[in-house]
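A.B. asks: work00.txt (compact mmCIF, C-alpha atoms) pasted underneath:
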# COMPACT_ATOMS: atom_id res chain seq x y z
CA MET S 3 22.32 18.66 -3.48
CA PRO S 4 23.71 19.19 0.06
CA ARG S 5 21.19 18.79 2.85
CA ILE S 6 21.26 22.51 3.64
CA LEU S 7 19.91 23.31 0.16
CA TYR S 8 17.30 20.55 0.51
CA THR S 9 16.21 22.07 3.84
CA LEU S 10 16.09 25.60 2.42
CA LEU S 11 13.90 24.39 -0.45
CA LEU S 12 11.51 22.70 2.00
CA TYR S 13 11.22 25.86 4.11
CA LEU S 14 10.43 27.86 0.96
CA LEU S 15 7.70 25.37 0.06
CA LEU S 16 6.31 25.06 3.59
CA PRO S 17 3.77 27.94 3.33
CA PHE S 18 2.26 26.29 0.26
CA THR S 19 1.53 23.11 2.23
CA LEU S 20 -1.44 24.91 3.80
CA LEU S 21 -2.88 25.54 0.35
CA LYS S 22 -2.22 21.92 -0.58
CA LEU S 23 -4.08 20.66 2.50
CA LEU S 24 -6.99 23.02 1.78
CA TRP S 25 -7.15 21.90 -1.84
CA ARG S 26 -7.11 18.22 -0.92
CA GLY S 27 -9.63 18.90 1.82
CA ILE S 28 -12.17 19.99 -0.80
CA ARG S 29 -12.26 16.45 -2.20
CA GLN S 30 -11.35 14.59 0.99
CA PRO S 31 -12.39 16.49 4.17
CA ALA S 32 -10.15 14.37 6.43
CA TYR S 33 -7.18 16.37 5.09
CA LEU S 34 -8.56 19.31 7.10
CA TRP S 35 -8.04 17.50 10.41
CA HIS S 36 -4.95 17.26 12.67
CA TRP S 37 -3.06 20.02 10.87
CA GLY S 38 -0.84 20.72 13.85
CA GLU S 39 0.66 17.24 13.69
CA ARG S 40 1.92 17.89 10.16
CA TYR S 41 4.08 20.69 11.60
CA GLY S 42 5.25 18.77 14.65
CA PHE S 43 2.72 20.02 17.21
CA TYR S 44 1.08 17.25 19.24
CA SER S 45 -1.44 17.64 22.03
CA GLN S 46 -0.33 16.78 25.54
CA GLY S 47 -2.91 14.01 25.60
CA LEU S 48 -1.01 12.09 22.93
CA TYR S 49 1.41 9.38 23.96
CA SER S 50 4.65 10.49 25.59
CA ARG S 51 7.38 8.05 26.49
CA GLN S 52 8.29 10.13 29.52
CA THR S 53 5.37 8.70 31.47
CA LYS S 54 4.54 5.45 29.67
CA LYS S 55 6.10 2.43 27.97
CA PRO S 56 9.18 2.79 25.75
CA LEU S 57 8.11 3.29 22.17
CA ILE S 58 8.72 1.61 18.79
CA TRP S 59 7.77 3.92 15.94
CA LEU S 60 6.79 2.65 12.48
CA HIS S 61 6.13 5.02 9.55
CA CYS S 62 3.56 3.85 6.98
CA VAL S 63 2.72 6.51 4.39
CA SER S 64 -0.69 5.36 3.23
CA VAL S 65 -3.03 2.37 2.89
CA GLY S 66 -0.67 -0.03 1.11
CA GLU S 67 2.18 0.39 3.55
CA THR S 68 -0.16 0.19 6.55
CA ARG S 69 -1.69 -3.07 5.38
CA ALA S 70 1.74 -4.48 4.56
CA ALA S 71 2.92 -3.57 8.06
CA ALA S 72 0.12 -5.52 9.78
CA PRO S 73 2.06 -8.81 10.20
CA LEU S 74 5.13 -6.88 11.39
CA VAL S 75 3.09 -4.94 13.95
CA ALA S 76 1.61 -8.21 15.23
CA GLU S 77 5.08 -9.75 15.49
CA LEU S 78 6.51 -6.73 17.31
CA CYS S 79 3.61 -6.69 19.77
CA LYS S 80 4.10 -10.39 20.48
CA ARG S 81 7.86 -10.21 20.96
CA TYR S 82 8.17 -6.87 22.71
CA PRO S 83 5.06 -6.42 24.91
CA GLN S 84 6.95 -3.99 27.14
CA HIS S 85 6.93 -1.49 24.25
CA GLN S 86 4.16 0.67 22.79
CA ILE S 87 3.79 0.85 18.99
CA LEU S 88 3.35 4.23 17.30
CA LEU S 89 2.25 4.39 13.67
CA THR S 90 2.82 7.56 11.67
CA HIS S 91 1.13 8.30 8.36
CA ALA S 92 1.04 10.91 5.61
CA THR S 93 -2.53 10.39 4.36
CA PRO S 94 -5.96 10.24 6.05
CA THR S 95 -6.69 6.89 4.36
CA GLY S 96 -3.52 5.42 5.83
CA ARG S 97 -4.49 6.68 9.26
CA GLU S 98 -8.03 5.30 8.89
CA THR S 99 -6.63 1.93 7.79
CA GLY S 100 -4.47 1.85 10.92
CA GLN S 101 -7.59 2.42 13.02
CA GLN S 102 -9.44 -0.37 11.20
CA LEU S 103 -6.59 -2.85 11.57
CA PHE S 104 -5.38 -2.15 15.10
CA GLY S 105 -8.06 -0.17 16.91
CA ASP S 106 -6.93 1.71 19.99
CA SER S 107 -4.10 -0.70 20.81
CA ILE S 108 -1.79 1.30 18.54
CA GLU S 109 -1.07 5.03 18.72
CA ARG S 110 -1.29 6.86 15.38
CA VAL S 111 -0.41 10.39 14.25
CA TYR S 112 0.82 12.19 11.15
CA LEU S 113 4.55 12.37 10.59
CA PRO S 114 5.47 16.05 10.23
CA TYR S 115 6.95 17.63 7.14
CA ASP S 116 10.69 17.03 6.88
CA VAL S 117 11.92 20.37 8.19
CA PRO S 118 14.25 20.39 11.23
CA GLY S 119 11.93 22.25 13.61
CA ALA S 120 8.96 19.95 12.99
CA VAL S 121 11.11 16.82 13.07
CA ASN S 122 12.69 17.81 16.38
CA ARG S 123 9.31 18.54 17.93
CA PHE S 124 8.11 15.08 16.87
CA LEU S 125 11.16 13.35 18.37
CA ASP S 126 11.02 15.47 21.54
CA HIS S 127 7.39 14.53 22.13
CA PHE S 128 7.51 10.80 21.43
CA GLN S 129 11.17 9.94 22.17
CA PRO S 130 11.14 6.59 20.32
CA GLU S 131 13.69 3.94 21.20
CA LEU S 132 13.58 2.62 17.62
CA GLY S 133 12.21 3.87 14.29
CA LEU S 134 11.25 1.87 11.22
CA LEU S 135 10.50 3.44 7.83
CA MET S 136 8.48 1.36 5.38
CA GLU S 137 9.59 0.76 1.78
CA THR S 138 11.16 3.85 0.13
CA GLU S 139 10.62 6.63 2.65
CA LEU S 140 13.84 8.67 2.74
CA TRP S 141 13.32 11.86 4.73
CA PHE S 142 16.79 13.34 5.01
CA ASN S 143 16.33 15.71 7.96
CA LEU S 144 14.46 13.04 9.88
CA ILE S 145 17.27 10.56 9.28
CA ALA S 146 19.88 13.12 10.35
CA ALA S 147 17.96 14.03 13.52
CA CYS S 148 17.63 10.38 14.55
CA LYS S 149 21.34 9.84 13.98
CA GLU S 150 22.23 12.90 16.09
CA ARG S 151 20.02 11.57 18.92
CA HIS S 152 21.38 8.01 18.57
CA ILE S 153 17.91 6.66 17.77
CA PRO S 154 18.33 3.51 15.63
CA LEU S 155 16.42 4.01 12.38
CA LEU S 156 15.75 1.10 10.02
CA LEU S 157 14.45 1.11 6.44
CA VAL S 158 12.35 -2.06 6.22
CA ASN S 159 10.51 -3.87 3.43
CA ALA S 160 12.71 -1.62 1.31
CA ARG S 161 12.14 -1.57 -2.43
CA LEU S 162 13.74 0.63 -5.06
CA SER S 163 12.73 0.40 -8.71
CA GLN S 164 15.22 1.32 -11.40
CA LYS S 165 13.13 4.41 -12.13
CA SER S 166 13.37 5.55 -8.49
CA ALA S 167 17.08 4.69 -8.37
CA ASP S 168 17.67 6.90 -11.42
CA GLY S 169 15.80 9.70 -9.67
CA TYR S 170 17.87 9.44 -6.51
CA ALA S 171 21.05 9.32 -8.61
CA LYS S 172 20.31 12.92 -9.65
CA ILE S 173 20.78 13.94 -5.99
CA ALA S 174 23.50 11.37 -5.36
CA GLN S 175 25.28 13.23 -2.53
CA LEU S 176 22.08 13.79 -0.56
CA ALA S 177 20.81 10.24 -1.20
CA ALA S 178 24.10 8.68 -0.09
CA GLN S 179 24.17 10.85 3.02
CA GLY S 180 20.62 9.78 3.91
CA LEU S 181 21.21 6.09 3.27
CA LEU S 182 24.41 6.13 5.31
CA GLY S 183 22.47 7.72 8.17
CA LEU S 184 20.23 4.66 8.44
CA THR S 185 21.22 2.06 11.00
CA ALA S 186 20.25 -0.91 8.79
CA ILE S 187 18.16 -1.74 5.74
CA ALA S 188 15.94 -4.80 5.18
CA ALA S 189 15.49 -5.04 1.40
CA GLN S 190 12.74 -7.03 -0.31
CA THR S 191 14.90 -8.53 -3.06
CA GLU S 192 18.51 -8.87 -4.22
CA GLN S 193 17.76 -6.33 -6.97
CA ASP S 194 16.47 -3.79 -4.43
CA ALA S 195 19.54 -4.37 -2.26
CA ALA S 196 21.91 -3.86 -5.19
CA ARG S 197 20.25 -0.59 -6.24
CA LEU S 198 20.37 0.74 -2.67
CA GLN S 199 24.04 -0.22 -2.33
CA ASN S 200 24.87 1.45 -5.65
CA LEU S 201 23.49 4.67 -4.15
CA GLY S 202 25.75 4.31 -1.12
CA ALA S 203 23.75 2.25 1.39
CA LYS S 204 25.53 0.05 3.92
CA HIS S 205 24.28 -2.70 6.25
CA VAL S 206 21.75 -4.02 3.72
CA GLU S 207 20.16 -7.45 4.16
CA VAL S 208 17.58 -9.18 1.96
CA MET S 209 14.60 -10.22 4.10
CA GLY S 210 11.72 -10.65 1.64
CA ASN S 211 8.42 -8.86 1.13
CA LEU S 212 6.07 -8.27 4.07
CA LYS S 213 3.11 -8.37 1.70
CA PHE S 214 3.50 -12.16 1.48
CA ASP S 215 2.84 -12.30 5.23
CA VAL S 216 -0.40 -10.31 5.13
CA ALA S 217 -3.30 -12.56 6.11
CA PRO S 218 -6.84 -11.79 4.98
CA PRO S 219 -9.35 -10.81 7.69
CA ALA S 220 -10.87 -13.81 9.41
CA ASP S 221 -14.30 -13.03 7.99
CA ALA S 222 -13.18 -12.18 4.44
CA VAL S 223 -14.42 -15.41 2.88
CA ALA S 224 -17.76 -15.26 4.72
CA GLN S 225 -18.27 -11.61 3.76
CA GLY S 226 -17.30 -12.45 0.18
CA LYS S 227 -19.97 -15.16 0.05
CA LYS S 228 -22.59 -12.70 1.29
CA LEU S 229 -21.58 -10.19 -1.35
CA ARG S 230 -21.55 -12.86 -4.06
CA ALA S 231 -25.07 -13.90 -3.05
CA LEU S 232 -26.24 -10.36 -3.90
CA PHE S 233 -24.70 -10.71 -7.35
CA GLY S 234 -26.42 -14.01 -8.13
CA LYS S 235 -24.87 -17.46 -8.24
CA ASP S 236 -24.74 -17.78 -12.01
CA CYS S 237 -23.15 -14.54 -13.17
CA PRO S 238 -19.37 -14.42 -13.71
CA VAL S 239 -17.68 -11.70 -11.64
CA PHE S 240 -14.66 -9.68 -12.74
CA LEU S 241 -12.88 -7.39 -10.27
CA ALA S 242 -10.77 -4.42 -11.37
CA ALA S 243 -8.97 -3.56 -8.13
CA SER S 244 -7.02 -0.43 -7.19
CA THR S 245 -7.56 1.29 -10.54
CA ARG S 246 -5.87 4.60 -11.31
CA GLU S 247 -6.90 7.59 -13.39
CA GLY S 248 -7.37 6.70 -17.06
CA GLU S 249 -7.56 2.95 -16.49
CA GLU S 250 -11.31 2.73 -15.94
CA VAL S 251 -11.92 3.80 -19.56
CA MET S 252 -9.60 1.05 -20.81
CA ILE S 253 -11.30 -1.53 -18.58
CA LEU S 254 -14.77 -0.55 -19.77
CA GLU S 255 -13.57 -0.83 -23.38
CA ALA S 256 -12.19 -4.30 -22.66
CA ILE S 257 -15.36 -5.69 -21.09
CA ALA S 258 -17.44 -4.17 -23.91
CA ALA S 259 -15.22 -5.88 -26.48
CA ALA S 260 -15.21 -9.21 -24.63
CA GLN S 261 -19.04 -9.46 -24.64
CA ILE S 262 -19.11 -12.11 -21.89
CA PRO S 263 -22.74 -13.02 -21.14
CA GLN S 264 -24.05 -11.81 -17.74
CA LEU S 265 -20.60 -10.52 -16.73
CA LEU S 266 -20.67 -8.36 -13.59
CA THR S 267 -17.69 -6.04 -13.18
CA ILE S 268 -16.58 -4.52 -9.86
CA ILE S 269 -14.40 -1.42 -10.21
CA VAL S 270 -12.58 -0.31 -7.07
CA PRO S 271 -10.59 2.94 -7.54
CA ARG S 272 -7.31 3.09 -5.68
CA HIS S 273 -8.04 6.47 -4.11
CA PRO S 274 -11.39 7.27 -2.44
CA GLN S 275 -11.36 10.86 -3.70
CA ARG S 276 -11.91 9.41 -7.20
CA PHE S 277 -15.17 7.61 -6.38
CA ASP S 278 -17.30 10.48 -7.71
CA GLU S 279 -15.10 10.83 -10.80
CA VAL S 280 -15.57 7.16 -11.73
CA ALA S 281 -19.32 7.36 -11.00
CA ASN S 282 -19.58 10.29 -13.42
CA LEU S 283 -17.66 8.32 -16.06
CA LEU S 284 -20.14 5.45 -15.77
CA LYS S 285 -23.09 7.84 -16.02
CA LYS S 286 -21.68 9.54 -19.12
CA ARG S 287 -21.27 6.17 -20.80
CA GLY S 288 -24.81 5.15 -19.96
CA ILE S 289 -23.69 2.14 -17.96
CA ASP S 290 -26.11 0.76 -15.40
CA PHE S 291 -24.17 0.63 -12.13
CA ALA S 292 -24.68 0.44 -8.40
CA CYS S 293 -22.48 1.73 -5.59
CA ARG S 294 -21.27 -0.83 -3.08
CA SER S 295 -22.12 1.55 -0.22
CA GLN S 296 -25.79 1.47 -1.26
CA LEU S 297 -26.01 -2.15 -2.35
CA ALA S 298 -28.76 -3.89 -0.42
CA ASN S 299 -30.69 -5.90 -3.00
CA GLY S 300 -29.81 -8.07 -5.97
CA THR S 301 -27.98 -6.80 -9.07
CA GLU S 302 -30.02 -8.43 -11.86
CA THR S 303 -29.98 -5.30 -14.06
CA THR S 304 -26.58 -3.98 -13.00
CA ALA S 305 -23.51 -4.29 -15.21
CA VAL S 306 -21.00 -2.62 -12.90
CA ILE S 307 -20.54 -2.27 -9.15
CA LEU S 308 -18.55 0.79 -8.05
CA GLY S 309 -16.53 -0.25 -5.03
CA ASP S 310 -16.87 2.95 -3.01
CA SER S 311 -16.29 1.36 0.41
CA MET S 312 -13.09 1.31 2.46
CA GLY S 313 -11.37 -1.74 3.91
CA GLU S 314 -13.23 -4.33 1.82
CA LEU S 315 -10.65 -5.29 -0.79
CA PHE S 316 -10.25 -8.84 0.56
CA THR S 317 -14.05 -9.17 0.50
CA TYR S 318 -14.07 -8.15 -3.15
CA TYR S 319 -11.33 -10.68 -3.90
CA ALA S 320 -13.34 -13.40 -2.14
CA ALA S 321 -16.45 -12.52 -4.17
CA CYS S 322 -14.86 -12.42 -7.64
CA ASP S 323 -13.78 -15.06 -10.14
CA VAL S 324 -10.91 -13.14 -11.75
CA ALA S 325 -9.01 -10.05 -10.56
CA PHE S 326 -7.20 -7.37 -12.53
CA ILE S 327 -4.69 -5.36 -10.48
CA GLY S 328 -4.77 -1.66 -11.30
CA GLY S 329 -2.01 0.89 -11.68
CA SER S 330 -0.46 -1.39 -14.29
CA LEU S 331 -2.25 -0.65 -17.59
CA LEU S 332 -0.82 2.87 -17.48
CA PRO S 333 2.65 3.74 -16.14
CA TYR S 334 1.83 4.03 -12.42
CA GLY S 335 4.02 1.06 -11.43
CA GLY S 336 1.25 -1.34 -10.41
CA GLN S 337 -0.40 -2.19 -7.10
CA ASN S 338 -0.12 -5.20 -4.82
CA LEU S 339 -1.04 -8.45 -6.61
CA ILE S 340 -0.17 -10.70 -3.66
CA GLU S 341 -3.47 -10.07 -1.83
CA ALA S 342 -5.47 -11.44 -4.76
CA CYS S 343 -3.18 -14.48 -4.88
CA THR S 344 -3.69 -15.00 -1.15
CA MET S 345 -7.41 -15.38 -1.87
CA GLY S 346 -6.69 -17.96 -4.58
CA LYS S 347 -7.83 -15.82 -7.51
CA PRO S 348 -6.43 -15.76 -11.08
CA VAL S 349 -4.64 -12.44 -11.60
CA LEU S 350 -4.37 -10.19 -14.64
CA ILE S 351 -1.78 -7.39 -14.70
CA GLY S 352 -0.75 -4.75 -17.19
CA PRO S 353 2.73 -3.99 -18.56
CA HIS S 354 3.70 -1.44 -15.88
CA THR S 355 4.52 -3.30 -12.66
CA TYR S 356 7.87 -1.83 -11.62
CA ASN S 357 6.64 -1.31 -8.04
CA PHE S 358 6.13 -5.08 -7.72
CA GLU S 359 8.32 -6.32 -10.57
CA LEU S 360 9.79 -9.42 -8.96
CA ALA S 361 6.44 -10.53 -7.52
CA ALA S 362 4.82 -9.97 -10.92
CA VAL S 363 7.48 -11.98 -12.76
CA GLN S 364 7.32 -14.77 -10.20
CA ALA S 365 3.50 -14.89 -10.31
CA ILE S 366 3.56 -15.17 -14.10
CA ALA S 367 6.24 -17.90 -13.93
CA ALA S 368 4.07 -19.76 -11.39
CA ARG S 369 1.11 -19.52 -13.84
CA ALA S 370 -0.84 -17.58 -11.24
CA ALA S 371 -0.99 -14.41 -13.37
CA LEU S 372 -1.26 -13.27 -16.96
CA ARG S 373 0.19 -10.04 -18.30
CA VAL S 374 -1.84 -7.93 -20.74
CA SER S 375 -0.67 -4.90 -22.68
CA GLU S 376 -3.78 -2.89 -23.61
CA SER S 377 -7.59 -2.95 -23.71
CA ALA S 378 -7.79 -5.43 -26.59
CA ASP S 379 -5.32 -7.73 -24.85
CA LEU S 380 -7.32 -7.50 -21.62
CA ALA S 381 -10.49 -8.42 -23.51
CA ALA S 382 -8.79 -11.49 -24.96
CA ALA S 383 -7.52 -12.53 -21.52
CA LEU S 384 -11.02 -12.18 -20.05
CA LEU S 385 -12.46 -14.38 -22.80
CA HIS S 386 -9.76 -16.95 -22.09
CA VAL S 387 -10.10 -17.18 -18.30
CA PHE S 388 -13.89 -17.00 -18.24
CA GLY S 389 -14.20 -19.40 -21.15
CA ASP S 390 -12.05 -22.17 -19.67
CA GLU S 391 -13.12 -23.15 -16.15
CA THR S 392 -10.31 -25.70 -15.78
CA ALA S 393 -7.66 -23.13 -16.64
CA ARG S 394 -9.26 -20.58 -14.33
CA LEU S 395 -9.33 -22.97 -11.37
CA SER S 396 -5.75 -24.03 -12.10
CA MET S 397 -4.61 -20.38 -12.06
CA GLY S 398 -6.41 -19.84 -8.76
CA GLN S 399 -4.68 -22.81 -7.15
CA ALA S 400 -1.32 -21.65 -8.51
CA ALA S 401 -1.98 -18.18 -7.08
CA LEU S 402 -2.64 -19.65 -3.64
CA GLU S 403 0.54 -21.73 -3.74
CA PHE S 404 2.53 -18.72 -4.95
CA SER S 405 1.27 -16.53 -2.09
CA ASN S 406 2.38 -19.14 0.45
CA SER S 407 5.83 -19.57 -1.09
CA ALA S 408 7.69 -16.56 0.27
CA ASN S 409 6.43 -15.64 3.74
CA GLY S 410 8.51 -15.08 6.87
CA ALA S 411 9.64 -11.47 6.29
CA ALA S 412 7.82 -10.23 9.42
CA GLN S 413 9.80 -12.59 11.65
CA ARG S 414 13.11 -11.66 10.03
CA ILE S 415 12.44 -7.92 10.35
CA ALA S 416 11.32 -8.34 13.98
CA ASP S 417 14.63 -10.12 14.61
CA LEU S 418 16.45 -7.16 13.05
CA ALA S 419 14.52 -4.71 15.24
CA GLY S 420 15.45 -6.72 18.32
CA ARG S 421 19.17 -6.19 17.64
CA TYR S 422 18.73 -2.45 18.19
CA LEU S 423 16.14 -2.30 20.98
CA PRO S 424 17.99 -1.55 24.20
CA ARG S 425 15.31 -3.33 26.31
CA ALA S 426 14.51 -6.23 23.97
How does the structure come out when it is put into structure tokens?
C.D. replies:
Amino acid sequence: MPRILYTLLLYLLLPFTLLKLLWRGIRQPAYLWHWGERYGFYSQGLYSRQTKKPLIWLHCVSVGETRAAAPLVAELCKRYPQHQILLTHATPTGRETGQQLFGDSIERVYLPYDVPGAVNRFLDHFQPELGLLMETELWFNLIAACKERHIPLLLVNARLSQKSADGYAKIAQLAAQGLLGLTAIAAQTEQDAARLQNLGAKHVEVMGNLKFDVAPPADAVAQGKKLRALFGKDCPVFLAASTREGEEVMILEAIAAAQIPQLLTIIVPRHPQRFDEVANLLKKRGIDFACRSQLANGTETTAVILGDSMGELFTYYAACDVAFIGGSLLPYGGQNLIEACTMGKPVLIGPHTYNFELAAVQAIAARAALRVSESADLAAALLHVFGDETARLSMGQAALEFSNSANGAAQRIADLAGRYLPRA
């Protein structure tokens, strides 16, 4: 697919983006805000390099990428204080996470849709000296526009599963053109680098995974202890983190089959727009549950806590005994297991972890994680880890050691950025 056909297709779809935003706004009202930014229109009050510091721009689609970028943002701010950092997002939750992590020290806006007019308006307004795209964000008109303007554009913390590589291979000409338009690529692993190079990428270096550099909030342990005190000191606590559609049913079946006395389960859906959906599921099954947002007293009669709060995942990890990482029981590719390891918690994962395959394999090899295949397997794993305190504590210590074994990506990527900053 030549880029002109790609662009034509996007222009044909562009009118439907309004309907998409309206539809999503029904479930998540924040999608109804800042519409102009999605089409490249920014208010004059927003940052403009013409009158202020030179700008480094970092694109983080949603929550996961924004959290992963935190150590890199800190490193860039430390090394290049003469520059302003701009974060761009595609989702309201990503934008909200940026506000929680960085406050007003960092500018944040939506990246516009990848049509030439919107892209050019974005670049005209902000005039970045350097752009960094997180993970697998290939926007072909954006890449072309940066190349035409001689704006260095880096793909950092880059990962590419075999499934995604096969998808890009179907548009091989367009993918190769986009990858060649990038100034440099910092891949997470040798496997990611090889897949990118097979698609035509040049200037690829392996620099590790930024998620190993993410530090928990300073008060995470203290907040976790407060939350655990509400649960009661004696009850075992199981956390199902970042669950996706269809997985909650499997998790409820597993804990019902395991029949662990006094077990308290925390379920934290990956997407906030699913909080009501999961609450309705619990009601239909007659399960006594409480919402985290309304939790003020003890939980003596509660079997499940619905984690309906934002920005508390590290607190949940601190409060639990064992963590299951969602998106992996069904073929969603898995979510980040490194955060749970950072908190020294035994980790359970499902069979579908292609988004974090190397980390998953390494965590299992380090005896920090166990892989389960279905509800019955998850029930057996729960009986094992909750029934053997020595094994559980050993897994937690292995998880902590594993999380500390591969950091340093933020420093290496900041070094890479410095090669292309004209004022570094």
A.B. asks: Mind checking which residues fall within 8 Å of Ala342 of chain S, counting only C-alpha atoms, ignoring those fewer than 3 positions away in the same chain, and posting them as an mmCIF file with C-alpha atoms, keeping the file's coordinate frame?
C.D. replies:
data_model
loop_
_atom_site.group_PDB
_atom_site.id
_atom_site.type_symbol
_atom_site.label_atom_id
_atom_site.label_comp_id
_atom_site.auth_asym_id
_atom_site.auth_seq_id
_atom_site.Cartn_x
_atom_site.Cartn_y
_atom_site.Cartn_z
ATOM 1 C CA PHE S 316 -10.250 -8.840 0.560
ATOM 2 C CA TYR S 319 -11.330 -10.680 -3.900
ATOM 3 C CA ALA S 325 -9.010 -10.050 -10.560
ATOM 4 C CA LEU S 339 -1.040 -8.450 -6.610
ATOM 5 C CA MET S 345 -7.410 -15.380 -1.870
ATOM 6 C CA GLY S 346 -6.690 -17.960 -4.580
ATOM 7 C CA LYS S 347 -7.830 -15.820 -7.510
ATOM 8 C CA PRO S 348 -6.430 -15.760 -11.080
ATOM 9 C CA VAL S 349 -4.640 -12.440 -11.600
ATOM 10 C CA ALA S 401 -1.980 -18.180 -7.080
#
A.B. asks: Work out how far atom CA of Leu135 of chain S is from atom CA of Leu201 of chain S, in Å to one decimal.
C.D. replies: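 Going from atom CA of Leu201 of chain S over to atom CA of Leu135 of chain S covers 17.7 Å.
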A.B. asks: Using all atoms listed in the file, find the one residue out of S:Asn200, S:Thr344, S:Gln261, S:Ser244 that sits nearest to Gly309 of chain S.
C.D. replies: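 Residue with the minimum atom-to-atom distance to Gly309 of chain S: S:Ser244.
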A.B. asks: Residues of segment 311-375 of chain S that approach segment 99-108 of chain S to 12 Å or less, counting all atoms listed in the file: could you list each one with the shortest pair of atoms and its distance in Å to one decimal, rows by chain and increasing residue number, as a Markdown table?
C.D. replies:
| residue | atom | partner | partner_atom | distance |
| --- | --- | --- | --- | --- |
| S:Met312 | CA | S:Thr99 | CA | 8.4 |
| S:Gly313 | CA | S:Thr99 | CA | 7.1 |
| S:Glu314 | CA | S:Gln102 | CA | 10.9 |
| S:Leu315 | CA | S:Thr99 | CA | 11.9 |
A.B. asks: I want to know what sits within 8 Å of Phe240 of chain S, based on all atoms listed in the file, with residues of the same chain fewer than 5 positions away left out; could you give that as an MDAnalysis selection string?
C.D. replies: chainID S and resid 265:268 322:326
A.B. asks: For a quick check of your reading of the model, name the residues lying within 12 Å of the coordinate (-4.7, 2.4, 11.9), counting all atoms listed in the file, and write them as a ChimeraX atom specification.
C.D. replies: /S:60-72,75,87-91,93-112,313
A.B. asks: If you measure from atom CA of Gly38 of chain S to atom CA of Leu23 of chain S, what distance in Å do you get, rounded to one decimal?
C.D. replies: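 A separation of 11.8 Å between them.
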A.B. asks: Show which residues sit within 10 Å of segment 417-426 of chain S, as a VMD selection string. Count only C-alpha atoms, and ignore same-chain residues fewer than 5 positions away.
C.D. replies: chain S and resid 56 to 58 77 to 78 81 to 85 131 to 134 153 to 156 158 185 to 188 207 209 411 to 412
A.B. asks: Name the residues, using the chain letters and numbers of the file, that sit within 10 Å of (4.0, -10.0, 4.1) when counting all atoms listed in the file, and give them as a PyMOL selection string.
C.D. replies: chain S and resi 69-74+159+210-217+340-341+405-406+408-413
A.B. asks: Applying 8 Å and all atoms listed in the file, which residues near segment 327-334 of chain S remain after dropping the ones on its own chain fewer than 3 positions away? List them as a VMD selection string.
C.D. replies: chain S and resid 242 to 246 248 to 249 272 337 to 339 349 to 355 374 to 376
A.B. asks: Find the distance between atom CA of Asp126 of chain S and atom CA of Leu20 of chain S and write it in Å to one decimal.
C.D. replies: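 If I compute the distance from atom CA of Asp126 of chain S to atom CA of Leu20 of chain S, I get 23.6 Å.
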A.B. asks: Go through S:Trp59, S:Trp25, S:Phe233, S:Tyr115 and flag the residue nearest Phe142 of chain S, using all atoms listed in the file for the distances.
C.D. replies: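 Of S:Trp59, S:Trp25, S:Phe233, S:Tyr115, the one nearest Phe142 of chain S, counting all atoms listed in the file, is S:Tyr115.
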A.B. asks: Pick the closest to Tyr8 of chain S from S:Thr191, S:Asn282, S:Gln30, S:Gln175: which is it, counting all atoms listed in the file?
C.D. replies: S:Gln175
A.B. asks: Looking at all atoms listed in the file, which of S:Gly398, S:Gly183, S:Pro4, S:Pro118 is the one that sits closest to Asn143 of chain S?
C.D. replies: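 Nearest to Asn143 of chain S: S:Pro118.
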A.B. asks: Using only C-alpha atoms, which of the listed residues (S:Arg26, S:Lys54, S:Gly288, S:Ala321) sits closest to Arg276 of chain S?
C.D. replies: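 Result for the nearest residue to Arg276 of chain S: S:Arg26.
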